Amino acid sequence: MILIWMIIILLAGGILCWLLSKSNSPAIKWIALLAVLIDLVLLLNIWLQHGQGLTANTGNWMIQYQSAWIPSFGISFHVAMDGLSLILVMLTFFLGTLAVLCSWKEIEKRAGFYYFNLLWTLAGITGVFVALDLFLFYFFWEVMLVPMYLLILIWGDKNRRYAAYKFFIFTQAGGLLMLISILALYFIHGAQSGTYTYDYLSLLGTRIDPSVAKWIMMGFMIAFVIKLPMVPFHNWLPDAHSEAPTAGSLILAGLLLKTGAYGIIRFVLPLFQQYAADIAWWAMLFGVIGVIYGAMMAFAQTDLKRLIAYTSVSHMGFVLTGIFAFREIAMQGVIMQIITHGISTGALFVLAGMIKERLHTRDISQMGGLWSYMPAMGGAAMLFTMASLGLPALGNFIAEFLILLGTFQANPTFTVLASTGLVFSALYSLRLMQKVFLGPPNAPHKVNDISGREFIILAALSISIVLLGLFPQAVLDVAGKVISNKLYVIR
Amino acid sequence: MGTAQILFWSLTALALISAIMVLVSKNPVYSVLWLIVVFFAISGHYILLNAQFLAIVNLIVYAGAIMVLFLFVIMLMNLNTETEPQKSIWMKFFGVVAGGLLLSFFISFVISSADLKGKSAQLKEGEIGLIKTLGKALFNDYVIPFEIASILFLSAMVGAVVIGKKD
Amino acid sequence: MTEQQLMALLPFMVLAAASIVIILLIAFRQGHTVIQVTGFLLMCLVIFAMWYVRGVLPQTIAPLLIVDGFGALFTGLIVFCVLVVGLFSYIYFEEREENPREYYILIFLSTLGAAILTISRHFMSFFIGLELLSISLYALIAYLRTRNNAIEAGIKYLVLAALTSAFLLFGMALIYMETGSMDFAVIAQRLNAAGKSSALFLTGFGVMMVAVGFKLALVPFHLWAADVYQGAPSPVASFIATVSKVGVFAVFLRFCQELHLQNNSAVMMLISAVAILSMISGNILALRQQNLKRLLAYSSIAHFGYLLVAFLPGNNTGVEAAVFYLTAYAITILAAFGIIILLSPGEKDADSLSMYRGLFWDKPFMAIVLTVALLSLAGIPLTAGFIGKFYVLTAGVEQRAWLPVIVLVITSVIGLYYYLRIISTIFADSPVTIQKERSLNQFFYTASYAALVVLTLLLFGIGVMPAVIIQGIKQFLVIDR
């Protein structure tokens with residue numbers, strides 16, 4: 001029940017913000033912040049309660065709640081949380097808090113409706129991470145789309161309409177294919193067992209005819225790799241990321257991409273073990289292509305936010321490769337990568353937003369020497385670019401190292417290729433630092449260093465990325481139970 | 001060959017010839033006049049089938065009222081051979097093909113259907129076409145559609161008034 | 001005819017009486033308000049009558065009609081739509097010069113036609129119902145004679161509808177020739193006895209399909225839709241989109257169910273071809289539309305294509321899906337047209353997309369209703385349209401009609417584009433204020449707003465809690481045969 005309350009708090013907070021939008025009072029921001037913070041506290045409470053006993057606990061699910069929704073279809077409101085969900089929901093609320101904070105000054109007009117959309121997106125994402133009914137999952141999958149679309153459409157940059165369309169249509173196309181797959185699975189399971197249900201736990205045992213299974217799995221895969229994004233389907237990402245407002249980019253990069261990875265881990269692998277193994281080689285290949293292609297494209301960008309967007313493509317390539325290595329150690333790396341990428345890339349987007357607020361441009365060539373004006377921001381930027389290129393002692397290093405380690409056992413060639421991606425990432429990261437913060441000052445006027453609010457945001461992000469780098473075991477312990485499950489590790 | 005048989009064949013010939021004349025006449029007024037002949041011939045067939053009511057209605061409504069309307073429209077629009085729009089040869093071609101297909105379809109159906117053979121006329125057979133039977137059916141079994149039809153006319157009337165009235 | 005049969009026909013008689021009452025009111029020179037209120041109460045009376053007679057259902061009134069759960073369900077939907085359309089009509093016509101009073105007579109007559117379609121089980125009632133529906137519509141479409149497009153739209157509809165009626169009769173005649181009956185049940189028997197489907201029957205069905213396709217605006221008989229939607233007064237367009245199509249679909253569904261046409265592969269091929277064509281052309285034609293009413297016309301073509309996908313399986317899921325989809329669609333389209341009607345300034349309709357620019361910042365309530373309606377048309381969760389589309393897909397996947405299902409998915413992604421285009425216009429900057437004096441009749445404004453609120457809540461309610469409606473539909477369909 002607590003899970004539902006978390007979602008309801010976000011939804012209700014959103015509606016409250018909207019209702020207050022007429023008055024345009026500062027209370028709106030505080031309500032939004034409060035809603036996310038309450039959820040964060042609730043979640044920490046869950047972690048403290050269940051986190052310790054995890055290893056002793058025999059069942060995978062810490063919390064479960066189920067009630068009938070549309071009984072005639074066998075749809076129930078089934079939400080549950082295991083280690084994987086816990087980590088991702090934690091990330092959601094953490095980044096959600098920061099998203100509210102970094103919109104504090106940026107969004108002046110129509111603030112009520114803005115926070116409504118923000119909170120509803122977060123609610124949808126939370127729902128995706130905890131839903132255990134396939135219909136419910138699809139439902140939340142779509143619910144997070146519309147507010148995100150509006151965020152980009154209304155508060156985005158110049159080219160926002162195009163970006164918003166592209167984002168929506170790409171995701172929706174994948175989503176509908178997934179819906180067909182869900183339906184097909186539903187009927188196959190129903191025909192076998194006689195009970196028609198969308199419940200994940202019941203569907204797990206479905207035996208599917210191989211020829212059909214492949215197609216059904218592809219339906220799921222396409223939806224997830226569009227979100228992830230895998231390389232031929234990454235097209236929407238640079239536009240959406242660069243046009244969205246700062247908080248939008250933060251949520252897109254930090255959370256929405258993770259729903260794709262989560263979907264593959266939670267649904268594709270357990271439901272279609274055998275067939276997933278069949279496409280593993282291809283998936284890893286595309287993952288590696290994504291790593292290299294994303295890095296190279298990032299190097300070529302002059303638009304700051306586009307550059308960061310392409311680094312996401314590169315990092316999510318690691319995730320795809322890691323998942324399909326089918327090694328426990330790679331899977332641990334994937335979990336780490338999901339979190340650390342959320343934090344480091346999110347932080348870079350926040351920084352880009354701050355720079356844009358001051359210089360009113362995203363063009364790298366018009367920046368330079370910002371360090372001399374803003375040493376504190378420069379320091380933070382240094383930290384996160386280093387994290388992004390995988391410097392040891394920071395979270396991303398652990399993640400990528402574990403993934404490469406795991407992948408090496410599965411396919412050495414791809415591992416070697418993926419490692420070259422790391423070299424490229426050093427290239428673009430250093431170029432980014434060089435062009436923006438170092439070199440001769442190029443700013444038209446004097447700009448202020450970070451404010452107290454911004455300091456809090458960056459400090460929270462910095463501390464977490466360092467902590468993740470130094471003590472990754474805490475995360476791995478929580479997720480460990482899930483990823484050592486034989487469902488995710490074959491052979 | 002009895003009288004009925006002779007009547008049937010001569011009416012058939014009349015109907016076919018005048019139908020063809022409707023198509024080939026250059027002057028639309030002639031076409032309409034030939035059409036009236038077609039209706040008369042068809043009414044003759046109805047009488048042969050012992051369906052007097054249909055025959056009379058066909059004459060009154062089609063050959064009478066509707067043809068007068070036709071003539072009015074043609075005369076008001078002053079259509080004649082010169083103003084007739086030129087149809088392209090392709091239109092004619094496709095028209096012939098479509099009509100021919102439908103015709104051959106019906107002919108093949110009639111030929112294949114056994115119980116239609118040799119039944120050219122049913123003089124004084126059956127009561128289905130008689131006014132008495134029709135009236136009984138209409139006011140007993142089919143009273144509801146009869147009432148609905150009256151509502152139909154009501155709606156047509158209201159519609160005509162609405163569209164046609166002066167403000 | 002027994003007393004019970006008369007009882008079962010009570011709602012329809014009230015419906016017929018309603019138009020007479022309106023005529024009398026006009027004869028006694030009553031004003032628009034009186035007529036509007038009386039009409040509203042009469043429609044409520046029809047609904048009450050339906051509730052009152054629920055105990056005697058199902059009743060067969062041989063040989064033409066059958067009042068069963070199926071018919072009651074569709075009639076209920078039709079009367080609900082008329083209630084809403086009637087309510088919106090007041091504001092729309094009050095702002096225009098024309099005398100709106102005869103409008104209500106025609107609306108009720110047309111409704112009667114649609115209602116008769118839902119309960120007919122015989123070609124004769126099918127045809128009479130259809131004619132009653134269309135003849136009133138001719139006048140309704142051309143009602144605002146002074147506007148340019150109105151007469152054009154009316155004539156277009158008149159000529160095409162008359163032509164397709166001829167096709168319908170011809171098809172019926174062919175089927176009669178084959179089976180010797182016009183009763184659906186008897187036709188089914190004879191066809192079963194014959195064993196195989198004959199070419200004559202198929203031809204007859206195909207020819208009838210022209211008329212049905214015309215009324216439902218299915219490709220390739222859709223050419224009238226955009227012009228008529230645009231030219232007709234907005235309430236009439238919403239009437240065509242809901243009442244007329246629901247009625248025709250109901251009789252078509254009953255015909256196909258009765259004859260078990262789902263087992264006839266040739267017929268199914270024909271229908272799925274029409275469905276696929278409709279989905280593709282409807283969505284593609286809508287892409288570049290700048291006129292909201294035309295766009296809704298094209299989107300309705302696509303939506304009836306989706307509906308045919310639900311229709312294909314022919315089992316219970318299919319029928320339920322079709323009914324559910326129609327309900328969701330009717331509510332959605334009424335909400336959308338409600339906004340168009342409320343925003344229409346005096347001389348013309350608010351149908352140009354540019355009039356909706358920045359609507360959200362100007363009139364947030366209307367913008368939200370329209371957005372929700374569009375999202376529902378696009379099939380996005382939380383709205384009724386999503387559950388409808390989901391239901392249709394369920395029916396399609398269950399039957400393994402893969403090709404139509406895949407086409408449905410692809411075309412609805414294409415369709416997203418134009419719905420999003422409107423939504424992004426609504427949320428765009430620089431609001432254009434639609435000048436509209438709103439002091440005409442405060443009471444009816446409030447009533448229309450209330451109706452819109454109810455429609456929106458229904459959209460959300462069905463989208464979040466569809467179980468109630470689905471149960472209701474199932475219970476109604478059980479009162480059957």
# chains A, B, ... in the order shown; residues from 1 in each chain; ligands from 1
>>> interface_residues(of="chain C", to="chain A", cutoff="6 Å", atoms="only C-alpha atoms", output="list in words")
Pro381, Val413 and Ala467 of chain C
>>> interface_residues(of="chain C", to="chain B", cutoff="8 Å", atoms="only C-alpha atoms", output="PyMOL selection string")
chain C and resi 16+62-64+102+105-106+109+124-125+128-129+131-132+135-136+138-140+142-143+145+200
>>> atom_distance(atom1="atom CA of Leu269 of chain A", atom2="atom CA of Gln409 of chain A")
19.0 Å
>>> select_by_dssp(residues="segment 142-272 of chain A", states="alpha helix (DSSP H)", output="PyMOL selection string")
chain A and resi 142-143+145-155+160-193+200-203+210-227+236-243+246-251+257-263+269-271
>>> residues_around(residues="Arg266 of chain A", least_positions_apart="3", cutoff="10 Å", atoms="only C-alpha atoms", output="list in words")
Leu84, Ser85, Phe129, Leu132, Tyr200, Thr259, Gly260, Ala261, Tyr262, Gly263, Leu269, Pro270, Leu271, Val482, Leu487 and Tyr488 of chain A
>>> write_last_selection(atoms="C-alpha atoms", output="PDB file, in the first residue's frame")
ATOM      1  CA  LEU A  84      16.149  -3.500  -8.337  1.00  0.00           C
ATOM      2  CA  SER A  85      12.956  -1.482  -8.044  1.00  0.00           C
ATOM      3  CA  PHE A 129       9.453   0.661 -11.716  1.00  0.00           C
ATOM      4  CA  LEU A 132       4.076  -6.134 -11.710  1.00  0.00           C
ATOM      5  CA  TYR A 200       3.825 -10.881 -14.251  1.00  0.00           C
ATOM      6  CA  THR A 259      12.962   2.497 -17.852  1.00  0.00           C
ATOM      7  CA  GLY A 260      14.209   0.857 -21.045  1.00  0.00           C
ATOM      8  CA  ALA A 261      17.027  -0.926 -19.235  1.00  0.00           C
ATOM      9  CA  TYR A 262      14.693  -1.838 -16.412  1.00  0.00           C
ATOM     10  CA  GLY A 263      12.200  -3.269 -18.872  1.00  0.00           C
ATOM     11  CA  LEU A 269      15.133 -11.718 -19.769  1.00  0.00           C
ATOM     12  CA  PRO A 270      12.868 -13.634 -17.389  1.00  0.00           C
ATOM     13  CA  LEU A 271       9.992 -14.052 -19.827  1.00  0.00           C
ATOM     14  CA  VAL A 482      17.816  -9.870  -7.698  1.00  0.00           C
ATOM     15  CA  LEU A 487      16.731 -15.740 -14.398  1.00  0.00           C
ATOM     16  CA  TYR A 488      19.234 -13.126 -15.375  1.00  0.00           C
TER      17      TYR A 488
END
>>> atom_distance(atom1="atom CA of Ala80 of chain A", atom2="atom CA of Val130 of chain A")
5.4 Å
>>> atom_distance(atom1="atom CA of Pro313 of chain C", atom2="atom CA of Gln399 of chain C")
5.8 Å
>>> closest_residue(among="A:Trp18, A:Trp104, A:Phe299, A:Phe93", to="Arg453 of chain A", atoms="only C-alpha atoms")
A:Trp104
>>> residues_around(residues="Gly129 of chain B", least_positions_apart="2", cutoff="9 Å", atoms="only C-alpha atoms", output="ChimeraX atom specification")
/B:46,49-54,126-127,131-134
>>> residues_around(residues="segment 206-212 of chain C", least_positions_apart="5", cutoff="6 Å", atoms="only C-alpha atoms", output="list in words")
Thr164, Phe167, Leu168 and Gly171 of chain C
>>> residues_around(residues="Ala226 of chain C", least_positions_apart="5", cutoff="9 Å", atoms="only C-alpha atoms", output="ChimeraX atom specification")
/C:231,293-298
>>> residues_around(residues="Gln289 of chain C", least_positions_apart="5", cutoff="12 Å", atoms="only C-alpha atoms", output="PyMOL selection string")
chain C and resi 226+230+282-284+294-299+351-354+415+417-419+421-422
